[in-house]
file work-v9.txt (compact mmCIF, C-alpha atoms and all ligand atoms)
# COMPACT_ATOMS: atom_id res chain seq x y z
CA MET A 1 -37.38 9.37 44.21
CA GLY A 2 -37.48 6.89 47.06
CA LEU A 3 -34.80 4.87 48.78
CA MET A 4 -33.77 1.60 47.13
CA LYS A 5 -32.39 -0.56 49.86
CA THR A 6 -30.74 -3.30 47.87
CA GLU A 7 -28.52 -1.54 45.35
CA LYS A 8 -28.60 2.09 46.26
CA GLY A 9 -28.27 1.78 49.97
CA ILE A 10 -28.66 5.49 50.62
CA SER A 11 -30.33 8.29 48.72
CA ASP A 12 -28.42 10.83 46.64
CA HIS A 13 -29.92 13.63 48.70
CA LEU A 14 -28.38 12.20 51.80
CA LEU A 15 -25.04 11.73 50.03
CA ASP A 16 -25.06 15.32 48.90
CA ALA A 17 -25.56 16.32 52.51
CA LEU A 18 -22.41 14.48 53.57
CA ASN A 19 -20.15 17.15 52.14
CA GLY A 20 -17.78 17.40 55.07
CA VAL A 21 -17.14 13.68 55.37
CA THR A 22 -13.84 12.21 54.10
CA THR A 23 -13.67 10.15 50.88
CA GLY A 24 -12.86 6.97 52.80
CA LEU A 25 -15.93 7.29 54.95
CA LEU A 26 -18.04 8.24 51.93
CA ASN A 27 -16.97 5.05 50.19
CA LEU A 28 -18.51 3.11 53.06
CA VAL A 29 -21.91 4.72 52.73
CA ARG A 30 -22.06 5.35 48.95
CA PRO A 31 -23.37 2.73 46.53
CA LYS A 32 -20.38 0.99 44.94
CA TRP A 33 -21.08 2.54 41.53
CA ARG A 34 -20.27 5.93 43.08
CA HIS A 35 -17.05 4.73 44.79
CA SER A 36 -14.02 7.04 44.38
CA ASP A 37 -12.07 4.29 42.57
CA SER A 38 -13.09 3.94 38.87
CA TRP A 39 -12.36 0.17 38.85
CA VAL A 40 -14.59 -0.43 41.85
CA ARG A 41 -17.34 1.60 40.16
CA GLN A 42 -17.06 -0.32 36.88
CA ASP A 43 -17.02 -3.64 38.68
CA ALA A 44 -20.11 -2.64 40.65
CA VAL A 45 -21.94 -1.69 37.43
CA ARG A 46 -21.13 -5.10 35.96
CA ARG A 47 -23.01 -6.64 38.91
CA LEU A 48 -26.05 -4.41 38.53
CA SER A 49 -29.20 -5.99 37.15
CA ASN A 50 -31.99 -3.58 38.10
CA PRO A 51 -32.89 -1.84 34.77
CA LYS A 52 -33.90 1.36 36.53
CA VAL A 53 -30.59 1.63 38.35
CA LEU A 54 -28.70 0.78 35.14
CA ALA A 55 -30.60 3.52 33.32
CA LYS A 56 -29.82 6.02 36.06
CA VAL A 57 -26.13 5.10 36.06
CA ALA A 58 -25.98 5.26 32.25
CA ARG A 59 -27.59 8.69 32.29
CA THR A 60 -25.87 10.32 35.25
CA ALA A 61 -22.55 8.68 36.24
CA PRO A 62 -19.83 11.32 35.77
CA ASP A 63 -17.24 8.71 34.69
CA ASP A 64 -17.29 7.67 30.97
CA ASN A 65 -16.07 4.18 31.85
CA VAL A 66 -18.92 3.66 34.31
CA ARG A 67 -21.56 4.93 31.83
CA SER A 68 -20.02 2.71 29.17
CA GLU A 69 -20.35 -0.37 31.42
CA ALA A 70 -23.97 0.51 32.10
CA VAL A 71 -24.74 1.00 28.36
CA LYS A 72 -23.34 -2.46 27.61
CA LYS A 73 -25.95 -3.96 29.97
CA LEU A 74 -28.87 -1.73 28.98
CA THR A 75 -31.75 -3.20 27.05
CA ASP A 76 -34.22 -0.32 27.36
CA THR A 77 -34.33 1.04 23.77
CA ALA A 78 -35.73 4.41 24.83
CA VAL A 79 -32.81 4.99 27.20
CA LEU A 80 -30.32 3.74 24.61
CA ALA A 81 -31.81 6.12 22.04
CA GLU A 82 -31.48 9.02 24.46
CA ILE A 83 -27.84 8.16 25.27
CA ALA A 84 -26.96 7.61 21.57
CA GLN A 85 -28.01 11.18 20.93
CA GLU A 86 -27.10 13.02 24.10
CA ASP A 87 -24.15 11.47 25.93
CA GLU A 88 -21.16 13.83 25.94
CA SER A 89 -18.67 10.99 25.30
CA ASP A 90 -18.12 9.82 21.70
CA ARG A 91 -17.37 6.35 22.98
CA VAL A 92 -20.55 6.03 25.05
CA ARG A 93 -22.68 7.35 22.15
CA ARG A 94 -21.01 4.90 19.81
CA GLU A 95 -21.70 2.01 22.18
CA ALA A 96 -25.33 3.03 22.45
CA VAL A 97 -25.57 3.29 18.63
CA GLU A 98 -24.18 -0.23 18.32
CA ALA A 99 -27.01 -1.47 20.55
CA ILE A 100 -29.93 0.16 18.73
CA ASP A 101 -31.82 -0.97 15.64
CA ASP A 102 -34.27 1.94 15.15
CA LYS A 103 -33.78 2.86 11.46
CA ALA A 104 -34.94 6.45 11.79
CA LEU A 105 -32.67 7.04 14.76
CA LEU A 106 -29.66 5.41 13.05
CA ALA A 107 -30.28 7.61 10.01
CA LYS A 108 -30.41 10.70 12.21
CA VAL A 109 -27.18 9.82 14.07
CA ALA A 110 -25.40 8.91 10.80
CA GLN A 111 -26.20 12.34 9.41
CA LYS A 112 -26.11 14.56 12.47
CA ASP A 113 -23.59 13.34 15.06
CA TYR A 114 -20.56 15.64 15.15
CA SER A 115 -18.17 12.72 15.75
CA GLU A 116 -17.15 10.81 12.60
CA TRP A 117 -16.54 7.83 14.84
CA VAL A 118 -20.16 7.72 15.97
CA ARG A 119 -21.43 8.39 12.42
CA GLN A 120 -19.36 5.42 11.19
CA ALA A 121 -20.96 3.17 13.83
CA ALA A 122 -24.41 4.26 12.64
CA VAL A 123 -23.52 3.77 8.94
CA ASN A 124 -22.35 0.23 9.77
CA LYS A 125 -25.91 -0.60 10.82
CA ILE A 126 -27.69 1.05 7.88
CA ALA A 127 -28.89 -1.05 4.95
CA ASP A 128 -31.04 1.57 3.15
CA GLN A 129 -29.22 2.05 -0.18
CA ALA A 130 -30.68 5.51 -0.84
CA LEU A 131 -29.49 6.78 2.53
CA LEU A 132 -26.06 5.13 2.09
CA ALA A 133 -25.79 6.76 -1.34
CA GLN A 134 -26.52 10.16 0.17
CA ILE A 135 -23.97 9.69 2.98
CA ALA A 136 -21.35 8.30 0.58
CA GLN A 137 -21.62 11.43 -1.51
CA SER A 138 -22.03 14.09 1.13
CA ASP A 139 -20.41 13.27 4.48
CA LYS A 140 -17.48 15.57 5.13
CA SER A 141 -15.40 12.75 6.62
CA ALA A 142 -13.67 10.40 4.18
CA ASN A 143 -13.84 7.63 6.80
CA VAL A 144 -17.63 7.87 7.02
CA ARG A 145 -18.00 8.05 3.21
CA ASN A 146 -15.74 5.01 2.96
CA ARG A 147 -17.94 3.06 5.42
CA ALA A 148 -20.99 3.89 3.32
CA VAL A 149 -19.29 3.00 0.01
CA ILE A 150 -18.41 -0.46 1.37
CA LYS A 151 -22.13 -1.17 1.66
CA ILE A 152 -23.18 0.22 -1.72
CA SER A 153 -23.96 -2.17 -4.56
CA ASP A 154 -25.24 0.20 -7.31
CA GLN A 155 -22.57 0.00 -10.06
CA ALA A 156 -23.46 3.36 -11.61
CA LEU A 157 -23.15 5.11 -8.26
CA LEU A 158 -19.88 3.30 -7.47
CA ALA A 159 -18.60 4.46 -10.87
CA ARG A 160 -19.46 8.08 -10.04
CA ILE A 161 -17.78 7.85 -6.62
CA ALA A 162 -14.73 6.05 -8.02
CA GLN A 163 -14.21 8.91 -10.41
CA ALA A 164 -15.26 11.88 -8.31
CA ASP A 165 -14.47 11.42 -4.62
CA GLU A 166 -11.57 13.55 -3.48
CA SER A 167 -10.25 10.84 -1.12
CA GLU A 168 -7.94 8.18 -2.56
CA THR A 169 -9.18 5.67 0.05
CA VAL A 170 -12.83 6.19 -0.88
CA ARG A 171 -12.10 5.94 -4.63
CA LYS A 172 -10.13 2.76 -4.00
CA THR A 173 -12.98 1.21 -1.99
CA ALA A 174 -15.42 2.05 -4.78
CA VAL A 175 -13.08 0.57 -7.43
CA THR A 176 -12.75 -2.73 -5.54
CA GLN A 177 -16.52 -3.15 -5.87
CA ILE A 178 -16.75 -2.33 -9.55
CA THR A 179 -16.96 -5.31 -11.85
CA GLU A 180 -17.51 -3.63 -15.22
CA GLN A 181 -14.27 -4.24 -17.16
CA ALA A 182 -14.44 -1.22 -19.46
CA LEU A 183 -14.97 1.11 -16.53
CA LEU A 184 -12.08 -0.42 -14.58
CA ALA A 185 -9.89 0.01 -17.66
CA GLN A 186 -10.91 3.64 -17.91
CA ILE A 187 -10.09 4.28 -14.21
CA ALA A 188 -6.76 2.49 -14.63
CA GLN A 189 -5.90 4.91 -17.41
CA THR A 190 -7.06 8.11 -15.77
CA ASP A 191 -7.02 8.15 -11.95
CA LYS A 192 -4.38 10.45 -10.50
CA SER A 193 -3.53 8.03 -7.66
CA ALA A 194 -1.25 5.05 -8.31
CA ALA A 195 -3.05 3.08 -5.57
CA VAL A 196 -6.43 3.58 -7.24
CA ARG A 197 -5.02 2.73 -10.69
CA SER A 198 -3.42 -0.46 -9.41
CA THR A 199 -6.65 -1.43 -7.64
CA ALA A 200 -8.49 -0.94 -10.93
CA VAL A 201 -5.97 -3.09 -12.83
CA ALA A 202 -6.29 -5.79 -10.15
CA GLY A 203 -10.00 -6.01 -10.93
CA ILE A 204 -9.46 -6.56 -14.64
CA ALA A 205 -9.57 -10.20 -15.67
CA ASP A 206 -9.80 -9.61 -19.42
CA GLN A 207 -6.34 -10.46 -20.85
CA ALA A 208 -6.74 -8.38 -24.01
CA GLN A 209 -7.77 -5.38 -21.92
CA LEU A 210 -4.68 -5.86 -19.71
CA ALA A 211 -2.44 -6.13 -22.78
CA LYS A 212 -3.91 -2.91 -24.13
CA ILE A 213 -3.22 -1.10 -20.83
CA ALA A 214 0.30 -2.56 -20.69
CA GLN A 215 1.00 -1.13 -24.12
CA THR A 216 -0.84 2.15 -24.15
CA ASN A 217 -1.04 3.51 -20.61
CA PRO A 218 1.07 6.63 -20.29
CA ASN A 219 1.99 5.77 -16.71
CA ASN A 220 4.90 3.45 -15.95
CA ASP A 221 3.37 1.93 -12.79
CA VAL A 222 0.07 1.14 -14.45
CA ARG A 223 1.80 -0.57 -17.37
CA ARG A 224 3.76 -2.63 -14.85
CA TYR A 225 0.66 -3.62 -12.87
CA ALA A 226 -0.98 -4.65 -16.13
CA MET A 227 2.06 -6.63 -17.29
CA ASP A 228 2.14 -8.36 -13.90
CA ALA A 229 -1.43 -9.49 -14.40
CA ILE A 230 -1.02 -10.90 -17.93
CA THR A 231 -0.63 -14.67 -18.03
CA GLU A 232 -1.36 -15.37 -21.71
CA PRO A 233 2.08 -16.08 -23.37
CA ALA A 234 1.14 -14.66 -26.78
CA LEU A 235 -0.05 -11.41 -25.21
CA LEU A 236 3.07 -11.17 -23.06
CA ALA A 237 5.20 -11.54 -26.18
CA GLU A 238 3.15 -8.90 -27.91
CA VAL A 239 3.61 -6.48 -24.99
CA VAL A 240 7.36 -7.02 -24.84
CA CYS A 241 7.77 -6.68 -28.58
CA SER A 242 5.48 -3.73 -29.14
CA GLY A 243 8.04 -1.34 -30.54
CA LYS A 244 7.13 1.48 -28.21
CA TYR A 245 8.28 -0.42 -25.15
CA ARG A 246 11.62 -1.53 -26.41
CA GLY A 247 14.22 -0.26 -24.00
CA GLU A 248 11.74 0.11 -21.22
CA HIS A 249 12.95 -1.35 -17.95
CA GLY A 250 9.42 -2.40 -16.95
CA SER A 251 9.28 -5.09 -19.67
CA ILE A 252 11.38 -7.22 -17.31
CA TYR A 253 8.16 -8.21 -15.58
CA ALA A 254 6.74 -9.53 -18.83
CA VAL A 255 10.03 -11.19 -19.83
CA LEU A 256 10.06 -13.12 -16.54
CA LYS A 257 6.90 -14.86 -17.63
CA LEU A 258 7.96 -15.61 -21.20
CA THR A 259 8.96 -19.14 -22.15
CA ASP A 260 9.36 -18.91 -25.96
CA GLN A 261 13.11 -19.46 -26.51
CA SER A 262 13.44 -17.74 -29.89
CA LEU A 263 11.67 -14.67 -28.55
CA LEU A 264 13.81 -14.67 -25.37
CA ALA A 265 16.93 -15.00 -27.55
CA GLU A 266 15.87 -12.02 -29.64
CA ILE A 267 15.21 -9.90 -26.54
CA ALA A 268 18.50 -11.00 -24.94
CA ARG A 269 20.39 -10.02 -28.11
CA SER A 270 18.73 -6.79 -28.99
CA ASP A 271 16.58 -5.15 -26.33
CA LEU A 272 17.65 -1.59 -25.60
CA ASP A 273 17.39 -2.01 -21.83
CA SER A 274 20.25 -4.02 -20.32
CA GLY A 275 18.10 -5.11 -17.35
CA THR A 276 15.55 -6.60 -19.75
CA ARG A 277 18.34 -8.27 -21.76
CA MET A 278 19.69 -9.80 -18.52
CA ALA A 279 16.24 -11.08 -17.54
CA ALA A 280 15.84 -12.71 -20.96
CA ALA A 281 19.39 -14.17 -21.00
CA LYS A 282 18.83 -15.79 -17.61
CA LYS A 283 15.90 -17.71 -19.09
CA LEU A 284 17.81 -18.96 -22.12
CA ALA A 285 18.46 -22.67 -22.55
CA ASP A 286 21.30 -21.74 -24.95
CA GLN A 287 24.10 -21.17 -22.39
CA GLU A 288 26.63 -20.09 -25.00
CA LEU A 289 24.37 -17.28 -26.19
CA ALA A 290 23.60 -16.34 -22.59
CA GLN A 291 27.32 -16.03 -21.79
CA ARG A 292 27.86 -13.86 -24.89
CA VAL A 293 25.03 -11.58 -23.78
CA TYR A 294 26.47 -11.30 -20.24
CA ALA A 295 29.89 -10.40 -21.64
CA GLU A 296 28.37 -7.81 -23.95
CA ILE A 297 26.42 -6.20 -21.11
CA ALA A 298 29.49 -6.23 -18.86
CA ARG A 299 31.50 -4.48 -21.61
CA SER A 300 28.71 -2.09 -22.58
CA GLY A 301 28.04 1.37 -21.28
CA ALA A 302 25.25 -0.06 -19.11
CA ALA A 303 24.75 1.01 -15.52
CA ASP A 304 27.35 -0.43 -13.11
CA VAL A 305 24.63 -2.37 -11.35
CA ASP A 306 23.71 -4.18 -14.60
CA ARG A 307 27.37 -4.81 -15.40
CA ARG A 308 27.89 -6.35 -11.94
CA ASP A 309 24.75 -8.42 -12.44
CA ALA A 310 26.20 -9.67 -15.76
CA LEU A 311 29.57 -10.51 -14.16
CA VAL A 312 27.86 -12.59 -11.51
CA MET A 313 26.41 -14.74 -14.29
CA LEU A 314 29.64 -14.97 -16.30
CA THR A 315 31.72 -18.11 -16.11
CA ASP A 316 34.17 -17.28 -18.94
CA GLN A 317 37.46 -16.76 -17.04
CA SER A 318 39.14 -14.67 -19.72
CA VAL A 319 36.28 -12.14 -19.70
CA LEU A 320 36.26 -12.10 -15.88
CA ALA A 321 40.04 -11.60 -15.88
CA GLU A 322 39.65 -8.60 -18.16
CA PHE A 323 37.24 -6.91 -15.72
CA ALA A 324 39.06 -7.97 -12.55
CA GLN A 325 42.26 -6.33 -13.82
CA SER A 326 41.12 -3.23 -15.58
CA ASP A 327 37.60 -2.04 -14.84
CA PRO A 328 37.66 1.48 -13.41
CA ASN A 329 34.72 0.72 -11.08
CA ARG A 330 36.04 -1.01 -7.95
CA LEU A 331 32.74 -2.81 -7.25
CA VAL A 332 32.79 -4.25 -10.76
CA ARG A 333 36.42 -5.39 -10.18
CA LEU A 334 35.45 -6.88 -6.82
CA THR A 335 32.55 -8.83 -8.38
CA ALA A 336 34.89 -10.19 -11.08
CA VAL A 337 37.67 -11.09 -8.60
CA LYS A 338 35.30 -13.17 -6.50
CA ARG A 339 34.49 -15.30 -9.55
CA LEU A 340 38.08 -15.90 -10.68
CA LYS A 341 39.56 -19.38 -10.45
CA ASP A 342 43.08 -18.89 -11.86
CA GLN A 343 45.45 -18.69 -8.85
CA SER A 344 48.24 -16.87 -10.70
CA LEU A 345 45.80 -14.20 -11.84
CA ILE A 346 44.33 -13.91 -8.32
CA ALA A 347 47.89 -13.54 -6.97
CA LYS A 348 48.55 -10.75 -9.44
CA ILE A 349 45.44 -8.86 -8.26
CA ALA A 350 46.37 -9.42 -4.59
CA LEU A 351 49.64 -7.65 -5.40
CA CYS A 352 48.54 -4.93 -7.82
CA ASP A 353 44.97 -3.73 -7.36
CA PRO A 354 44.97 -0.13 -6.18
CA ASN A 355 42.13 -0.88 -3.73
CA GLY A 356 43.10 -2.50 -0.38
CA PHE A 357 39.80 -4.29 0.05
CA ILE A 358 40.10 -5.92 -3.38
CA ARG A 359 43.73 -6.96 -2.62
CA LEU A 360 42.45 -8.50 0.65
CA THR A 361 39.59 -10.29 -1.17
CA ALA A 362 42.09 -11.73 -3.66
CA ALA A 363 44.59 -12.69 -0.89
CA LYS A 364 41.87 -14.68 0.86
CA GLU A 365 41.43 -16.78 -2.30
CA LEU A 366 45.15 -17.68 -2.43
CA GLN A 367 46.04 -21.28 -1.54
CA ASP A 368 49.80 -21.07 -2.15
CA LYS A 369 51.94 -19.94 0.82
CA ALA A 370 54.67 -18.63 -1.49
CA ALA A 371 52.11 -16.37 -3.16
CA LEU A 372 50.90 -15.14 0.25
CA LEU A 373 54.50 -14.46 1.31
CA GLU A 374 54.92 -12.37 -1.83
CA VAL A 375 51.78 -10.41 -0.83
CA VAL A 376 53.38 -9.67 2.59
CA ARG A 377 56.61 -8.44 0.99
CA SER A 378 54.87 -6.34 -1.65
CA GLU A 379 52.38 -4.83 0.82
CA ILE A 380 55.17 -3.73 3.20
CA GLU A 381 57.18 -2.25 0.31
CA ARG A 382 54.21 -0.10 -0.78
CA THR A 383 53.96 3.43 0.49
CA ASP A 384 50.18 2.96 0.97
CA THR A 385 50.46 -0.32 2.91
CA ASP A 386 47.08 -1.77 3.87
CA ASN A 387 47.43 -3.25 7.36
CA SER A 388 44.58 -5.75 6.88
CA VAL A 389 46.03 -7.19 3.64
CA CYS A 390 49.48 -7.36 5.16
CA ALA A 391 48.38 -8.95 8.44
CA TYR A 392 46.06 -11.44 6.71
CA ALA A 393 48.86 -12.72 4.47
CA ALA A 394 51.48 -12.62 7.23
CA TRP A 395 49.36 -14.63 9.69
CA HIS A 396 48.80 -17.27 7.02
CA VAL A 397 52.49 -18.08 6.39
CA THR A 398 55.08 -19.51 8.80
CA LYS A 399 57.44 -17.45 10.98
CA GLU A 400 60.40 -19.02 9.16
CA GLN A 401 59.01 -17.78 5.84
CA LEU A 402 58.61 -14.27 7.22
CA ASP A 403 62.15 -14.33 8.65
CA GLY A 404 63.44 -15.38 5.25
CA ILE A 405 62.17 -12.31 3.36
CA ALA A 406 64.95 -10.25 1.82
CA TRP A 407 63.88 -6.67 2.67
CA SER A 408 65.04 -3.64 0.69
CA GLU A 409 65.63 -1.81 3.99
CA ARG A 410 66.04 -3.08 7.58
CA SER A 411 63.17 -0.91 8.81
CA LYS A 412 60.71 -2.96 6.70
CA ALA A 413 60.99 -6.00 9.03
CA LYS A 414 60.16 -3.71 11.95
CA LYS A 415 57.21 -2.26 10.04
CA LEU A 416 55.86 -5.81 9.54
CA ALA A 417 56.34 -6.71 13.22
CA GLY A 418 54.45 -3.54 14.18
CA ILE A 419 51.50 -4.38 11.90
CA MET A 420 51.36 -7.96 13.18
CA THR A 421 51.18 -6.62 16.75
CA ARG A 422 48.36 -4.23 15.89
CA VAL A 423 46.30 -6.56 13.65
CA SER A 424 45.29 -10.15 14.49
CA ILE A 425 43.10 -12.71 12.74
CA CYS A 426 39.76 -13.55 14.36
CA ALA A 427 39.82 -17.14 15.65
CA LEU A 428 36.32 -17.71 14.34
CA CYS A 429 35.67 -15.80 11.09
CA ARG A 430 39.36 -15.48 10.06
CA GLU A 431 38.93 -11.77 9.26
CA PRO A 432 41.77 -9.38 10.12
CA VAL A 433 40.84 -7.38 13.22
CA GLU A 434 42.61 -4.80 15.39
CA THR A 435 44.32 -6.70 18.21
CA ARG A 436 42.95 -4.32 20.84
CA LEU A 437 39.39 -5.29 19.80
CA VAL A 438 39.93 -9.06 20.10
CA ASP A 439 38.31 -10.80 23.12
CA TRP A 440 40.08 -13.30 25.45
CA LYS A 441 39.23 -16.18 23.08
CA GLY A 442 40.81 -14.36 20.12
CA ARG A 443 37.49 -13.42 18.50
CA CYS A 444 36.50 -10.18 16.74
CA GLY A 445 33.63 -7.97 17.88
CA SER A 446 31.03 -9.59 15.61
CA CYS A 447 32.06 -13.13 16.58
CA SER A 448 32.46 -12.43 20.29
CA GLY A 449 29.54 -13.94 22.15
CA ALA A 450 28.40 -15.90 19.09
CA SER A 451 28.95 -19.37 20.64
ZN ZN A 501 35.23 -12.84 13.69
call {"tool": "encode", "arguments": {"input": "work-v9.txt", "output": "structure tokens", "more": "lines below"}}
Ligand SMILES: [Zn+2]
result
Amino acid sequence: MGLMKTEKGISDHLLDALNGVTTGLLNLVRPKWRHSDSWVRQDAVRRLSNPKVLAKVARTAPDDNVRSEAVKKLTDTAVLAEIAQEDESDRVRREAVEAIDDKALLAKVAQKDYSEWVRQAAVNKIADQALLAQIAQSDKSANVRNRAVIKISDQALLARIAQADESETVRKTAVTQITEQALLAQIAQTDKSAAVRSTAVAGIADQAQLAKIAQTNPNNDVRRYAMDAITEPALLAEVVCSGKYRGEHGSIYAVLKLTDQSLLAEIARSDLDSGTRMAAAKKLADQELAQRVYAEIARSGAADVDRRDALVMLTDQSVLAEFAQSDPNRLVRLTAVKRLKDQSLIAKIALCDPNGFIRLTAAKELQDKAALLEVVRSEIERTDTDNSVCAYAAWHVTKEQLDGIAWSERSKAKKLAGIMTRVSICALCREPVETRLVDWKGRCGSCSGAS
């Protein structure tokens, strides 16, 4: 090999002879693509144009990044073919594969390369359906099989893969390309993966087929996916009413799409699942019936979450009062209290609820200062005084009112003064907050810094 003055500058043999010379000095005499700094080398390769030098760099540079830069500029197909098969770096082989079009070589790489990454790059460039079919059914990597499946159009083969591949991802990819409705329905009924089943349902356009799945599929998720996809009102009604699914929470999704008032009324009155009844009641034009249903659900043995949901919808004050005063679940009581309008009832709860947070919630709704003063007195007289309730009420009445309270014992006034020292009211959000946590503007931790 001779000297190439322009780009090489000095022969490799001579460089090899310069063993004792320092790196800095070497950098002066070496071609730039052999510089000790990888960035300088890559930049130098980007400036190369001589195909022979590019080929040499692509074949021999020790640095992957430098070889990669050279491959990007290579046009010599023979050299690219050699690198695609022999380079030690997966990345460089992949880049070479992306630059070649030789069908036989792509087929070889797709089947033989040990890196799934490189095989995928080859599969991406293959159009031969027979070869893709073989790879889709035999490659040991699910990622490579998946790549091949994406490019397959044969419905019978896709059907086989959709039902047989061990990878959920590959089955899903196959299912997305299947158009045959009966086959999709079959996969929706039988695949062991919820993702594959839902993908199959998503491909079904036939409303009757969806209704059948919604009614007969043994799996809850699949029935739900199918119900979600039904738009035909008569079929939705049929699904909701099919005796087998009475009391099934999933029918909510079908109910949400129903518009027939007499059917909604029937479901609201008599469905076995309180969530489904709620969903139907919310769609009723008949408000009186809706309120009756809410009250029934709130009184029933339904889950607390459904009872709270019902209370949120209730406007009947006497029913709300019943729950606010006597429900054993404190969250149910809290939900009811927040919806109460009667001040005397709210005052009663602010005085009597066993839970401090509920007493505080009620106290915050009180408009009348006399009622708040009564909360202060009662809270101090309790053995389980809640400082927040007490301070909230006390800070919302006048000093004269506080001084006027007739205490059962003298120590009670001192107890109140102590609580009012320890607990303040945030200047911004009006929540009771420990005085030691208030900032210089009188704001609580959450409000501090917020404007
Ligand atoms: Zn605050």
call {"tool": "residues_near_ligand", "arguments": {"input": "work-v9.txt", "ligand": "ligand ZN 501 (chain A)", "cutoff": "10 Å", "atoms": "all atoms listed in the file", "output": "VMD selection string"}}
result
chain A and resid 425 to 433 438 442 to 448 450
call {"tool": "residues_around", "arguments": {"input": "work-v9.txt", "residues": "stretch 174-187 of chain A", "least_positions_apart": "5", "cutoff": "12 Å", "atoms": "all atoms listed in the file", "output": "MDAnalysis selection string"}}
result
chainID A and resid 133 136:137 145:165 167:169 192:214 216:217 222:223 226
call {"tool": "atom_distance", "arguments": {"input": "work-v9.txt", "atom1": "atom CA of A:Lys441", "atom2": "atom CA of A:Val389"}}
result
22.5 Å
call {"tool": "atom_distance", "arguments": {"input": "work-v9.txt", "atom1": "atom CA of A:Ala391", "atom2": "atom CA of A:Leu416"}}
result
8.2 Å
call {"tool": "residues_around", "arguments": {"input": "work-v9.txt", "residues": "A:His396", "least_positions_apart": "3", "cutoff": "10 Å", "atoms": "all atoms listed in the file", "output": "VMD selection string"}}
result
chain A and resid 364 367 to 369 372 to 373 376 391 to 393 399 425
